[in-house]
$ cat query25.tsv   # TSV, C-alpha atoms
chain	number	residue	atom	x	y	z
A	16	MET	CA	-50.33	62.73	-41.22
A	17	ALA	CA	-51.98	64.70	-38.48
A	18	ASN	CA	-51.37	61.91	-35.98
A	19	LYS	CA	-47.70	61.66	-36.98
A	20	SER	CA	-47.27	65.36	-36.56
A	21	SER	CA	-48.94	65.48	-33.16
A	22	THR	CA	-46.73	62.63	-31.99
A	23	SER	CA	-43.67	64.52	-33.19
A	24	THR	CA	-44.80	67.62	-31.32
A	25	LYS	CA	-45.46	65.58	-28.21
A	26	PHE	CA	-41.88	64.31	-28.04
A	27	ASP	CA	-40.18	67.50	-29.23
A	28	ALA	CA	-41.19	69.55	-26.20
A	29	PRO	CA	-39.80	67.16	-23.54
A	30	LEU	CA	-36.62	66.73	-25.61
A	31	SER	CA	-36.13	70.49	-25.78
A	32	HIS	CA	-36.86	70.78	-22.06
A	33	SER	CA	-34.40	68.04	-21.11
A	34	THR	CA	-31.70	69.55	-23.34
A	35	ASN	CA	-32.17	72.98	-21.79
A	36	LYS	CA	-32.18	71.45	-18.31
A	37	ALA	CA	-28.97	69.56	-18.98
A	38	THR	CA	-27.32	72.69	-20.37
A	39	HIS	CA	-28.54	74.68	-17.37
A	40	ASN	CA	-27.15	72.14	-14.91
A	41	ARG	CA	-23.81	72.05	-16.70
A	42	ASP	CA	-23.61	75.86	-16.81
A	43	GLN	CA	-24.64	76.01	-13.16
A	44	PHE	CA	-21.66	73.86	-12.17
A	45	PHE	CA	-19.15	75.40	-14.58
A	46	VAL	CA	-19.64	79.13	-14.01
A	47	TRP	CA	-17.47	80.23	-16.95
A	48	ARG	CA	-18.01	83.97	-16.40
A	49	GLU	CA	-16.41	83.75	-12.94
A	50	PHE	CA	-13.18	82.57	-14.59
A	51	VAL	CA	-13.20	85.73	-16.75
A	52	TRP	CA	-14.03	88.08	-13.88
A	53	GLY	CA	-11.37	86.41	-11.72
A	54	ALA	CA	-8.68	86.73	-14.39
A	55	ILE	CA	-9.41	90.43	-14.92
A	56	ALA	CA	-9.57	91.16	-11.20
A	57	GLY	CA	-6.38	89.21	-10.45
A	58	ALA	CA	-4.38	91.05	-13.12
A	59	PHE	CA	-5.81	94.39	-11.94
A	60	GLY	CA	-4.82	93.80	-8.32
A	61	GLU	CA	-1.30	92.64	-9.25
A	62	GLY	CA	-0.70	95.58	-11.58
A	63	MET	CA	-1.78	98.12	-8.97
A	64	MET	CA	0.26	96.68	-6.10
A	65	HIS	CA	3.39	95.37	-7.84
A	66	PRO	CA	5.77	98.05	-6.42
A	67	ILE	CA	4.97	97.00	-2.84
A	68	ASP	CA	5.50	93.36	-3.76
A	69	THR	CA	8.94	94.31	-5.12
A	70	ILE	CA	9.91	95.85	-1.76
A	71	LYS	CA	8.62	92.77	0.09
A	72	THR	CA	10.62	90.41	-2.13
A	73	ARG	CA	13.83	92.40	-1.71
A	74	ILE	CA	13.47	92.59	2.07
A	75	GLN	CA	12.90	88.84	2.36
A	76	SER	CA	15.90	88.11	0.09
A	77	GLN	CA	18.48	90.33	1.83
A	78	VAL	CA	20.09	87.64	3.98
A	79	LEU	CA	20.31	85.22	1.06
A	80	LEU	CA	21.88	87.74	-1.32
A	81	SER	CA	24.23	89.69	0.94
A	82	GLY	CA	24.96	87.08	3.60
A	83	SER	CA	24.65	89.80	6.23
A	84	GLN	CA	22.33	89.82	9.23
A	85	SER	CA	22.18	93.64	9.05
A	86	GLN	CA	18.89	94.26	7.27
A	87	LYS	CA	17.45	97.36	5.67
A	88	SER	CA	14.12	98.73	6.82
A	89	ILE	CA	11.18	99.31	4.50
A	90	VAL	CA	12.03	103.00	4.08
A	91	GLN	CA	15.70	102.24	3.45
A	92	MET	CA	14.80	99.61	0.85
A	93	VAL	CA	12.44	102.00	-0.94
A	94	GLN	CA	15.26	104.57	-1.04
A	95	THR	CA	17.72	101.96	-2.32
A	96	VAL	CA	15.45	100.91	-5.19
A	97	TRP	CA	14.65	104.51	-6.09
A	98	VAL	CA	18.27	105.68	-6.10
A	99	ALA	CA	19.57	102.67	-8.02
A	100	ASP	CA	16.81	102.10	-10.56
A	101	GLY	CA	14.24	104.87	-10.35
A	102	LEU	CA	10.55	104.19	-10.92
A	103	ARG	CA	11.13	101.26	-13.28
A	104	GLY	CA	12.94	99.41	-10.50
A	105	PHE	CA	9.64	99.08	-8.63
A	106	TYR	CA	7.99	97.56	-11.71
A	107	ARG	CA	10.62	94.98	-12.61
A	108	GLY	CA	8.96	91.60	-13.19
A	109	ILE	CA	5.48	93.01	-13.71
A	110	ALA	CA	4.89	91.04	-16.96
A	111	PRO	CA	5.28	87.55	-15.38
A	112	GLY	CA	3.46	88.89	-12.31
A	113	ILE	CA	0.36	89.84	-14.28
A	114	THR	CA	0.52	86.64	-16.36
A	115	GLY	CA	0.56	84.50	-13.23
A	116	SER	CA	-2.24	86.53	-11.66
A	117	LEU	CA	-4.41	86.09	-14.75
A	118	ALA	CA	-4.15	82.32	-14.40
A	119	THR	CA	-4.55	82.01	-10.65
A	120	GLY	CA	-7.31	84.66	-10.54
A	121	ALA	CA	-9.29	82.77	-13.16
A	122	THR	CA	-9.03	79.37	-11.48
A	123	TYR	CA	-9.44	80.80	-7.97
A	124	PHE	CA	-12.73	82.64	-8.47
A	125	GLY	CA	-13.95	80.27	-11.18
A	126	PHE	CA	-13.65	77.17	-9.05
A	127	ILE	CA	-14.90	78.89	-5.91
A	128	GLU	CA	-18.25	79.57	-7.55
A	129	SER	CA	-18.30	76.35	-9.57
A	130	THR	CA	-17.53	73.94	-6.74
A	131	LYS	CA	-18.70	75.39	-3.43
A	132	LYS	CA	-22.40	74.69	-4.16
A	133	TRP	CA	-21.52	71.21	-5.40
A	134	ILE	CA	-19.52	70.54	-2.20
A	135	GLU	CA	-22.36	71.80	-0.03
A	136	GLU	CA	-24.92	69.60	-1.86
A	137	SER	CA	-22.87	66.41	-2.27
A	138	HIS	CA	-21.05	66.65	1.08
A	139	PRO	CA	-23.34	68.49	3.53
A	140	ASN	CA	-20.91	67.85	6.40
A	141	LEU	CA	-18.37	70.04	4.58
A	142	GLY	CA	-20.85	72.86	4.00
A	143	GLY	CA	-20.45	76.47	5.01
A	144	HIS	CA	-16.95	77.79	5.66
A	145	TRP	CA	-15.26	74.45	4.99
A	146	ALA	CA	-16.79	74.40	1.50
A	147	HIS	CA	-15.37	77.86	0.85
A	148	PHE	CA	-11.94	76.83	2.17
A	149	ILE	CA	-11.78	73.71	-0.02
A	150	ALA	CA	-13.05	75.53	-3.13
A	151	GLY	CA	-10.49	78.30	-2.75
A	152	ALA	CA	-7.65	75.85	-2.11
A	153	VAL	CA	-8.51	73.71	-5.16
A	154	GLY	CA	-8.84	76.74	-7.43
A	155	ASP	CA	-5.49	78.16	-6.35
A	156	THR	CA	-3.76	74.78	-6.69
A	157	LEU	CA	-4.88	74.46	-10.32
A	158	GLY	CA	-3.61	77.94	-11.09
A	159	SER	CA	-0.20	77.11	-9.60
A	160	PHE	CA	0.92	75.26	-12.75
A	161	VAL	CA	1.13	78.63	-14.51
A	162	TYR	CA	1.59	80.85	-11.48
A	163	VAL	CA	4.74	79.26	-10.02
A	164	PRO	CA	7.02	79.62	-13.10
A	165	CYS	CA	5.77	83.20	-13.43
A	166	GLU	CA	6.48	83.79	-9.74
A	167	VAL	CA	10.05	82.49	-10.10
A	168	MET	CA	10.71	84.80	-13.06
A	169	LYS	CA	9.01	87.75	-11.36
A	170	GLN	CA	10.91	87.49	-8.09
A	171	ARG	CA	14.31	87.08	-9.72
A	172	MET	CA	13.65	90.12	-11.91
A	173	GLN	CA	12.47	92.09	-8.87
A	174	VAL	CA	15.68	91.28	-7.00
A	175	GLN	CA	17.87	92.23	-9.96
A	176	GLY	CA	16.51	95.69	-10.59
A	177	SER	CA	18.13	97.41	-13.59
A	178	SER	CA	21.05	95.91	-15.52
A	179	ASN	CA	23.39	98.61	-14.26
A	180	SER	CA	22.74	97.91	-10.58
A	181	TRP	CA	22.84	94.13	-11.04
A	182	ASN	CA	26.09	94.13	-13.02
A	183	SER	CA	27.91	96.81	-11.02
A	184	ALA	CA	31.14	95.95	-9.26
A	185	ILE	CA	29.57	96.48	-5.83
A	186	MET	CA	26.76	94.07	-6.55
A	187	LYS	CA	29.17	91.47	-7.92
A	188	ASP	CA	31.14	91.62	-4.68
A	189	LYS	CA	28.07	91.27	-2.47
A	190	MET	CA	25.75	89.06	-4.51
A	191	GLN	CA	27.49	85.79	-3.70
A	192	MET	CA	25.64	82.82	-2.32
A	193	LYS	CA	26.97	81.18	0.84
A	194	SER	CA	28.15	78.24	-1.27
A	195	GLY	CA	30.33	80.58	-3.31
A	196	ALA	CA	28.32	80.20	-6.56
A	197	GLU	CA	27.57	83.42	-8.41
A	198	MET	CA	24.04	84.59	-9.01
A	199	TYR	CA	22.32	84.02	-12.36
A	200	GLY	CA	22.77	86.46	-15.24
A	201	TYR	CA	20.61	89.50	-15.86
A	202	TYR	CA	17.14	88.92	-17.34
A	203	THR	CA	16.06	91.44	-19.98
A	204	GLY	CA	12.43	90.32	-19.97
A	205	MET	CA	9.93	87.59	-19.16
A	206	PHE	CA	10.61	85.31	-22.16
A	207	GLN	CA	14.39	85.67	-21.89
A	208	ALA	CA	14.13	84.89	-18.17
A	209	GLY	CA	12.07	81.77	-18.83
A	210	HIS	CA	14.43	80.58	-21.58
A	211	SER	CA	17.52	81.24	-19.43
A	212	ILE	CA	16.14	79.40	-16.40
A	213	TRP	CA	15.05	76.48	-18.58
A	214	LYS	CA	18.47	76.30	-20.22
A	215	GLU	CA	20.42	76.46	-16.95
A	216	GLN	CA	18.17	74.50	-14.59
A	217	GLY	CA	15.45	72.90	-16.68
A	218	LEU	CA	11.92	72.33	-15.44
A	219	LYS	CA	13.21	72.12	-11.87
A	220	GLY	CA	14.39	75.73	-12.08
A	221	LEU	CA	11.09	77.07	-13.38
A	222	TYR	CA	9.22	75.21	-10.65
A	223	ALA	CA	11.70	76.05	-7.90
A	224	GLY	CA	9.90	76.23	-4.59
A	225	TYR	CA	6.74	74.69	-6.08
A	226	TRP	CA	5.80	72.72	-2.98
A	227	SER	CA	6.65	75.67	-0.74
A	228	THR	CA	4.41	77.82	-2.94
A	229	LEU	CA	1.55	75.37	-2.49
A	230	ALA	CA	2.31	75.19	1.24
A	231	ARG	CA	1.85	78.96	1.38
A	232	ASP	CA	-0.90	79.55	-1.18
A	233	VAL	CA	-3.27	76.66	-0.45
A	234	PRO	CA	-3.86	77.71	3.18
A	235	PHE	CA	-3.77	81.39	2.17
A	236	ALA	CA	-6.34	80.93	-0.60
A	237	GLY	CA	-8.58	78.81	1.60
A	238	LEU	CA	-8.32	81.19	4.55
A	239	MET	CA	-8.97	84.28	2.43
A	240	VAL	CA	-12.20	83.06	0.86
A	241	MET	CA	-13.29	81.57	4.20
A	242	PHE	CA	-12.66	84.89	6.00
A	243	TYR	CA	-14.35	86.80	3.18
A	244	GLU	CA	-17.52	84.69	3.21
A	245	ALA	CA	-17.59	84.70	7.02
A	246	LEU	CA	-17.29	88.49	7.09
A	247	LYS	CA	-20.04	88.75	4.46
A	248	ASP	CA	-22.33	86.57	6.59
A	249	LEU	CA	-21.50	88.62	9.69
A	250	THR	CA	-22.12	91.89	7.83
A	251	GLU	CA	-25.44	90.64	6.45
A	252	LYS	CA	-26.63	89.53	9.90
A	253	GLY	CA	-25.64	92.89	11.35
A	254	ARG	CA	-27.40	94.74	8.54
A	255	GLN	CA	-30.62	92.75	9.00
A	256	LYS	CA	-30.54	93.35	12.75
A	257	TRP	CA	-29.50	97.00	12.91
A	258	ALA	CA	-30.24	98.51	9.49
A	259	PRO	CA	-32.67	96.35	7.49
A	260	ASN	CA	-33.42	99.15	5.01
A	261	PHE	CA	-29.78	99.95	4.36
A	262	HIS	CA	-28.45	98.75	0.99
A	263	VAL	CA	-24.78	97.75	0.79
A	264	ASP	CA	-23.10	98.19	-2.59
A	265	GLY	CA	-21.44	94.94	-3.65
A	266	SER	CA	-18.28	96.66	-4.91
A	267	MET	CA	-17.83	98.58	-1.67
A	268	GLU	CA	-18.45	95.44	0.36
A	269	GLY	CA	-15.85	93.60	-1.71
A	270	LEU	CA	-13.37	96.45	-1.21
A	271	ILE	CA	-13.65	96.50	2.60
A	272	LEU	CA	-14.20	92.83	3.40
A	273	GLY	CA	-11.77	91.63	0.74
A	274	GLY	CA	-9.05	93.84	2.21
A	275	LEU	CA	-9.65	92.53	5.73
A	276	ALA	CA	-9.71	88.91	4.58
A	277	GLY	CA	-6.51	89.36	2.60
A	278	GLY	CA	-4.73	91.09	5.48
A	279	PHE	CA	-5.60	88.40	8.04
A	280	SER	CA	-4.61	85.57	5.70
A	281	ALA	CA	-1.38	87.29	4.59
A	282	TYR	CA	-0.06	87.73	8.13
A	283	LEU	CA	-0.84	84.16	9.20
A	284	THR	CA	1.02	82.73	6.18
A	285	THR	CA	4.07	85.07	6.23
A	286	PRO	CA	6.53	82.35	7.47
A	287	LEU	CA	5.50	80.17	4.53
A	288	ASP	CA	6.06	83.11	2.17
A	289	VAL	CA	9.58	83.73	3.54
A	290	ILE	CA	10.56	80.10	2.92
A	291	LYS	CA	9.11	80.14	-0.59
A	292	THR	CA	10.88	83.38	-1.53
A	293	ARG	CA	14.28	82.18	-0.28
A	294	LEU	CA	13.98	78.91	-2.24
A	295	GLN	CA	12.95	80.65	-5.47
A	296	VAL	CA	15.54	83.44	-5.32
A	297	GLN	CA	18.57	81.27	-4.51
A	298	GLY	CA	18.94	80.00	-8.08
A	299	SER	CA	21.34	77.08	-8.58
A	300	SER	CA	22.87	77.56	-5.13
A	301	THR	CA	22.29	75.02	-2.37
A	302	SER	CA	21.93	77.47	0.50
A	303	TYR	CA	18.69	75.69	1.34
A	304	ASN	CA	18.16	72.05	0.49
A	305	GLY	CA	14.39	71.97	0.36
A	306	TRP	CA	11.46	73.33	2.36
A	307	LEU	CA	12.23	71.75	5.74
A	308	ASP	CA	15.90	72.64	5.53
A	309	ALA	CA	15.03	76.27	4.74
A	310	MET	CA	12.59	76.44	7.65
A	311	ASN	CA	15.12	74.97	10.11
A	312	LYS	CA	17.98	77.22	9.00
A	313	ILE	CA	15.89	80.40	9.05
A	314	TRP	CA	14.58	79.54	12.52
A	315	GLU	CA	18.04	78.68	13.88
A	316	THR	CA	19.83	81.74	12.49
A	317	GLU	CA	17.11	84.39	12.52
A	318	GLY	CA	14.42	83.14	14.88
A	319	ALA	CA	10.79	84.27	14.80
A	320	LYS	CA	11.86	87.66	13.44
A	321	GLY	CA	13.30	85.95	10.38
A	322	MET	CA	10.19	83.82	9.87
A	323	PHE	CA	8.01	86.94	9.85
A	324	ARG	CA	10.45	89.09	7.89
A	325	GLY	CA	8.61	91.22	5.35
A	326	SER	CA	5.26	90.75	7.09
A	327	ILE	CA	4.48	94.49	7.06
A	328	PRO	CA	5.02	95.01	3.30
A	329	ARG	CA	3.28	91.66	2.69
A	330	ILE	CA	0.19	92.82	4.60
A	331	THR	CA	0.51	96.29	3.07
A	332	TRP	CA	0.43	94.60	-0.33
A	333	TYR	CA	-2.34	92.10	0.32
A	334	ILE	CA	-4.85	94.41	2.01
A	335	PRO	CA	-5.25	96.76	-0.99
A	336	ALA	CA	-4.55	94.01	-3.56
A	337	SER	CA	-7.26	91.75	-2.11
A	338	ALA	CA	-9.58	94.73	-1.67
A	339	LEU	CA	-9.16	95.79	-5.31
A	340	THR	CA	-9.48	92.20	-6.56
A	341	PHE	CA	-12.71	91.44	-4.67
A	342	MET	CA	-14.08	94.89	-5.53
A	343	ALA	CA	-13.40	94.26	-9.22
A	344	VAL	CA	-15.03	90.82	-9.09
A	345	GLU	CA	-18.15	92.12	-7.31
A	346	PHE	CA	-18.34	95.06	-9.75
A	347	LEU	CA	-18.11	92.77	-12.79
A	348	ARG	CA	-20.73	90.47	-11.29
A	349	GLU	CA	-23.13	93.36	-10.67
A	350	GLN	CA	-22.58	94.96	-14.06
A	351	PHE	CA	-22.59	91.93	-16.34
A	352	ASN	CA	-24.10	88.86	-14.62
A	353	LYS	CA	-27.62	90.29	-14.57
A	354	LYS	CA	-27.42	91.27	-18.23
A	355	LEU	CA	-26.01	87.87	-19.22
A	356	ASP	CA	-28.76	86.09	-17.27
A	357	GLU	CA	-31.41	88.24	-18.96
A	358	ASP	CA	-29.95	87.51	-22.39
A	359	ASN	CA	-29.92	83.77	-21.65
A	360	MET	CA	-33.53	83.93	-20.45
A	361	GLN	CA	-34.61	85.74	-23.61
A	362	GLU	CA	-32.80	83.13	-25.72
A	363	VAL	CA	-34.51	80.23	-23.91
A	364	THR	CA	-37.90	81.97	-24.16
A	365	SER	CA	-37.36	82.61	-27.86
A	366	LEU	CA	-36.48	78.96	-28.49
A	367	SER	CA	-39.50	77.70	-26.53
A	368	ILE	CA	-41.83	79.98	-28.54
A	369	GLU	CA	-40.32	79.11	-31.93
A	370	LYS	CA	-40.57	75.34	-31.35
A	371	PRO	CA	-44.36	75.09	-31.14
A	372	LYS	CA	-44.63	77.35	-34.19
A	373	SER	CA	-42.65	74.88	-36.30
A	374	SER	CA	-44.81	72.03	-35.00
A	375	PHE	CA	-48.06	73.84	-35.83
A	376	LYS	CA	-46.81	74.45	-39.37
A	377	GLU	CA	-46.11	70.73	-39.69
A	378	VAL	CA	-49.63	69.90	-38.48
A	379	ALA	CA	-51.11	72.33	-40.99
$ encode --input "query25.tsv" --output "structure tokens"
Amino acid sequence: MANKSSTSTKFDAPLSHSTNKATHNRDQFFVWREFVWGAIAGAFGEGMMHPIDTIKTRIQSQVLLSGSQSQKSIVQMVQTVWVADGLRGFYRGIAPGITGSLATGATYFGFIESTKKWIEESHPNLGGHWAHFIAGAVGDTLGSFVYVPCEVMKQRMQVQGSSNSWNSAIMKDKMQMKSGAEMYGYYTGMFQAGHSIWKEQGLKGLYAGYWSTLARDVPFAGLMVMFYEALKDLTEKGRQKWAPNFHVDGSMEGLILGGLAGGFSAYLTTPLDVIKTRLQVQGSSTSYNGWLDAMNKIWETEGAKGMFRGSIPRITWYIPASALTFMAVEFLREQFNKKLDEDNMQEVTSLSIEKPKSSFKEVA
């Protein structure tokens, strides 16, 4: 009996160790908490900066909606929205905006942390900044399946403003597509917008501009995390060289470096954003027949100015939005990751202590 028990104890310990090791390796790859922090941070950043995004969307859509080359400035557009719709006009489309940001924030930060170490270990030649670029691009691409339909609904609601302004006689006269087709009807909310688009245009309508969205967001997402990590490395080297005793708060670092990374990436991808917005706002019209056609027509009729239209509000949106998002992620990591790791350690320690106890009782 004693021999049987000792044999059982002998094999139990390695089994427990291998199980814990396997669980640890799986958890190390799939960093579930980063998906949660990313979702919260993404929704927070979108909610705070939605009014600026509304102005950017309206500025980029002016030519498409009015057919006029005479464009309003940022100040004029702010005044137009305020006079026509008041404060709520700036927050039209915020529900699909936050929903899309929850999804893309979760996959973006979740897959960055889950895959960049794996890329560096399995493909050393892609290590460093390339690993960050690939991880960010993959994470954002996965989130696009939810984000793009939400983006279509959000941008159409942003352009519409209130029902009074959208359905007024002046708007009906001006809001004609170049093909002569009228704009879509007024959307009362996110679910009605989704149902209406599905009914009128099907899946193609909800995923309008999908490839142009990926063409914009994949390089943007990759560039932003690459810039962020590069700036972090540069800051750390500078700190070690010039102020080794100086402690940098993670949240503050995320606020400053995240804002810079977002601003750089936003400006470089503005032409891609203009094309995407025009394709998603045009509805059932055929003003632009695909991504390449939109790019050619915008370049021919509006030149470089048209390709970079809305770059200032886009940067103005992305600098604080990225800053708030990275700050929130770093704050959540600092506040909860350490506690979660300590709890997991206590659980593993407790299990390892309880196991021998049960074996000793069996021996007795």
$ atom_distance --input "query25.tsv" --atom1 "atom CA of Val93 of chain A" --atom2 "atom CA of Ile327 of chain A"
13.6 Å
$ closest_residue --input "query25.tsv" --among "A:Trp97, A:Trp52, A:Phe59, A:Phe206" --to "Pro111 of chain A" --atoms "all atoms listed in the file"
A:Phe206
$ atom_distance --input "query25.tsv" --atom1 "atom CA of Glu315 of chain A" --atom2 "atom CA of Thr228 of chain A"
21.7 Å
$ atom_distance --input "query25.tsv" --atom1 "atom CA of Phe105 of chain A" --atom2 "atom CA of Ser266 of chain A"
28.3 Å
$ closest_residue --input "query25.tsv" --among "A:Gly200, A:Gly104, A:Gly325, A:Gly53" --to "His65 of chain A" --atoms "only C-alpha atoms"
A:Gly104
$ closest_residue --input "query25.tsv" --among "A:Met322, A:Leu249, A:Ala152, A:Met310" --to "Glu268 of chain A" --atoms "only C-alpha atoms"
A:Leu249
$ closest_residue --input "query25.tsv" --among "A:Trp47, A:Trp145, A:Phe261, A:Phe279" --to "Ser326 of chain A" --atoms "all atoms listed in the file"
A:Phe279
$ closest_residue --input "query25.tsv" --among "A:Gly151, A:Gly101, A:Gly115, A:Gly253" --to "Gly62 of chain A" --atoms "all atoms listed in the file"
A:Gly115
$ residues_around --input "query25.tsv" --residues "Ala208 of chain A" --least-positions-apart "4" --cutoff "10 Å" --atoms "all atoms listed in the file" --output "MDAnalysis selection string"
chainID A and resid 108 111 165 167:169 171:172 200:204 212:214 221
$ write_last_selection --input "query25.tsv" --atoms "C-alpha atoms" --output "PDB file, keeping the file's coordinate frame"
ATOM      1  CA  GLY A 108       8.960  91.600 -13.190  1.00  0.00           C
ATOM      2  CA  PRO A 111       5.280  87.550 -15.380  1.00  0.00           C
ATOM      3  CA  CYS A 165       5.770  83.200 -13.430  1.00  0.00           C
ATOM      4  CA  VAL A 167      10.050  82.490 -10.100  1.00  0.00           C
ATOM      5  CA  MET A 168      10.710  84.800 -13.060  1.00  0.00           C
ATOM      6  CA  LYS A 169       9.010  87.750 -11.360  1.00  0.00           C
ATOM      7  CA  ARG A 171      14.310  87.080  -9.720  1.00  0.00           C
ATOM      8  CA  MET A 172      13.650  90.120 -11.910  1.00  0.00           C
ATOM      9  CA  GLY A 200      22.770  86.460 -15.240  1.00  0.00           C
ATOM     10  CA  TYR A 201      20.610  89.500 -15.860  1.00  0.00           C
ATOM     11  CA  TYR A 202      17.140  88.920 -17.340  1.00  0.00           C
ATOM     12  CA  THR A 203      16.060  91.440 -19.980  1.00  0.00           C
ATOM     13  CA  GLY A 204      12.430  90.320 -19.970  1.00  0.00           C
ATOM     14  CA  ILE A 212      16.140  79.400 -16.400  1.00  0.00           C
ATOM     15  CA  TRP A 213      15.050  76.480 -18.580  1.00  0.00           C
ATOM     16  CA  LYS A 214      18.470  76.300 -20.220  1.00  0.00           C
ATOM     17  CA  LEU A 221      11.090  77.070 -13.380  1.00  0.00           C
TER      18      LEU A 221
END
$ residues_around --input "query25.tsv" --residues "Val240 of chain A" --least-positions-apart "6" --cutoff "10 Å" --atoms "all atoms listed in the file" --output "list in words"
Tyr123, Phe124, Ile127, His144, Ala146, His147, Phe148, Ile149, Ala150, Gly151, Ala152, Leu246, Gly273, Ala276, Gly277 and Ser280 of chain A
$ write_last_selection --input "query25.tsv" --atoms "C-alpha atoms" --output "PDB file, keeping the file's coordinate frame"
ATOM      1  CA  TYR A 123      -9.440  80.800  -7.970  1.00  0.00           C
ATOM      2  CA  PHE A 124     -12.730  82.640  -8.470  1.00  0.00           C
ATOM      3  CA  ILE A 127     -14.900  78.890  -5.910  1.00  0.00           C
ATOM      4  CA  HIS A 144     -16.950  77.790   5.660  1.00  0.00           C
ATOM      5  CA  ALA A 146     -16.790  74.400   1.500  1.00  0.00           C
ATOM      6  CA  HIS A 147     -15.370  77.860   0.850  1.00  0.00           C
ATOM      7  CA  PHE A 148     -11.940  76.830   2.170  1.00  0.00           C
ATOM      8  CA  ILE A 149     -11.780  73.710  -0.020  1.00  0.00           C
ATOM      9  CA  ALA A 150     -13.050  75.530  -3.130  1.00  0.00           C
ATOM     10  CA  GLY A 151     -10.490  78.300  -2.750  1.00  0.00           C
ATOM     11  CA  ALA A 152      -7.650  75.850  -2.110  1.00  0.00           C
ATOM     12  CA  LEU A 246     -17.290  88.490   7.090  1.00  0.00           C
ATOM     13  CA  GLY A 273     -11.770  91.630   0.740  1.00  0.00           C
ATOM     14  CA  ALA A 276      -9.710  88.910   4.580  1.00  0.00           C
ATOM     15  CA  GLY A 277      -6.510  89.360   2.600  1.00  0.00           C
ATOM     16  CA  SER A 280      -4.610  85.570   5.700  1.00  0.00           C
TER      17      SER A 280
END
$ decode --input "query25.tsv" --residues "segment 94-105 of chain A" --atoms "N, CA, C and O atoms" --output "compact mmCIF listing (two decimals), in the first residue's frame"
# COMPACT_ATOMS: atom_id res chain seq x y z
N GLN A 94 -19.31 75.73 -37.16
CA GLN A 94 -20.43 76.66 -37.06
C GLN A 94 -21.68 76.09 -37.73
O GLN A 94 -22.79 76.21 -37.20
N THR A 95 -21.50 75.45 -38.87
CA THR A 95 -22.63 74.85 -39.60
C THR A 95 -23.30 73.77 -38.77
O THR A 95 -24.54 73.73 -38.67
N VAL A 96 -22.50 72.88 -38.20
CA VAL A 96 -23.05 71.80 -37.38
C VAL A 96 -23.75 72.36 -36.15
O VAL A 96 -24.86 71.92 -35.79
N TRP A 97 -23.14 73.35 -35.52
CA TRP A 97 -23.70 73.92 -34.30
C TRP A 97 -25.03 74.64 -34.56
O TRP A 97 -26.00 74.45 -33.83
N VAL A 98 -25.07 75.42 -35.63
CA VAL A 98 -26.29 76.16 -35.95
C VAL A 98 -27.42 75.21 -36.36
O VAL A 98 -28.58 75.40 -35.95
N ALA A 99 -27.11 74.22 -37.15
CA ALA A 99 -28.13 73.31 -37.67
C ALA A 99 -28.62 72.30 -36.64
O ALA A 99 -29.83 72.05 -36.53
N ASP A 100 -27.71 71.75 -35.85
CA ASP A 100 -28.07 70.61 -35.00
C ASP A 100 -27.74 70.78 -33.51
O ASP A 100 -28.12 69.93 -32.70
N GLY A 101 -26.97 71.81 -33.18
CA GLY A 101 -26.60 71.98 -31.79
C GLY A 101 -25.57 70.95 -31.35
O GLY A 101 -24.90 70.31 -32.19
N LEU A 102 -25.46 70.73 -30.06
CA LEU A 102 -24.45 69.81 -29.52
C LEU A 102 -24.65 68.38 -29.99
O LEU A 102 -23.69 67.66 -30.25
N ARG A 103 -25.90 67.95 -30.11
CA ARG A 103 -26.14 66.55 -30.50
C ARG A 103 -25.66 66.26 -31.91
O ARG A 103 -25.41 65.10 -32.27
N GLY A 104 -25.54 67.32 -32.75
CA GLY A 104 -25.04 67.10 -34.10
C GLY A 104 -23.61 66.59 -34.12
O GLY A 104 -23.23 65.82 -35.00
N PHE A 105 -22.83 66.99 -33.12
CA PHE A 105 -21.43 66.55 -33.04
C PHE A 105 -21.33 65.09 -32.58
O PHE A 105 -20.30 64.45 -32.78
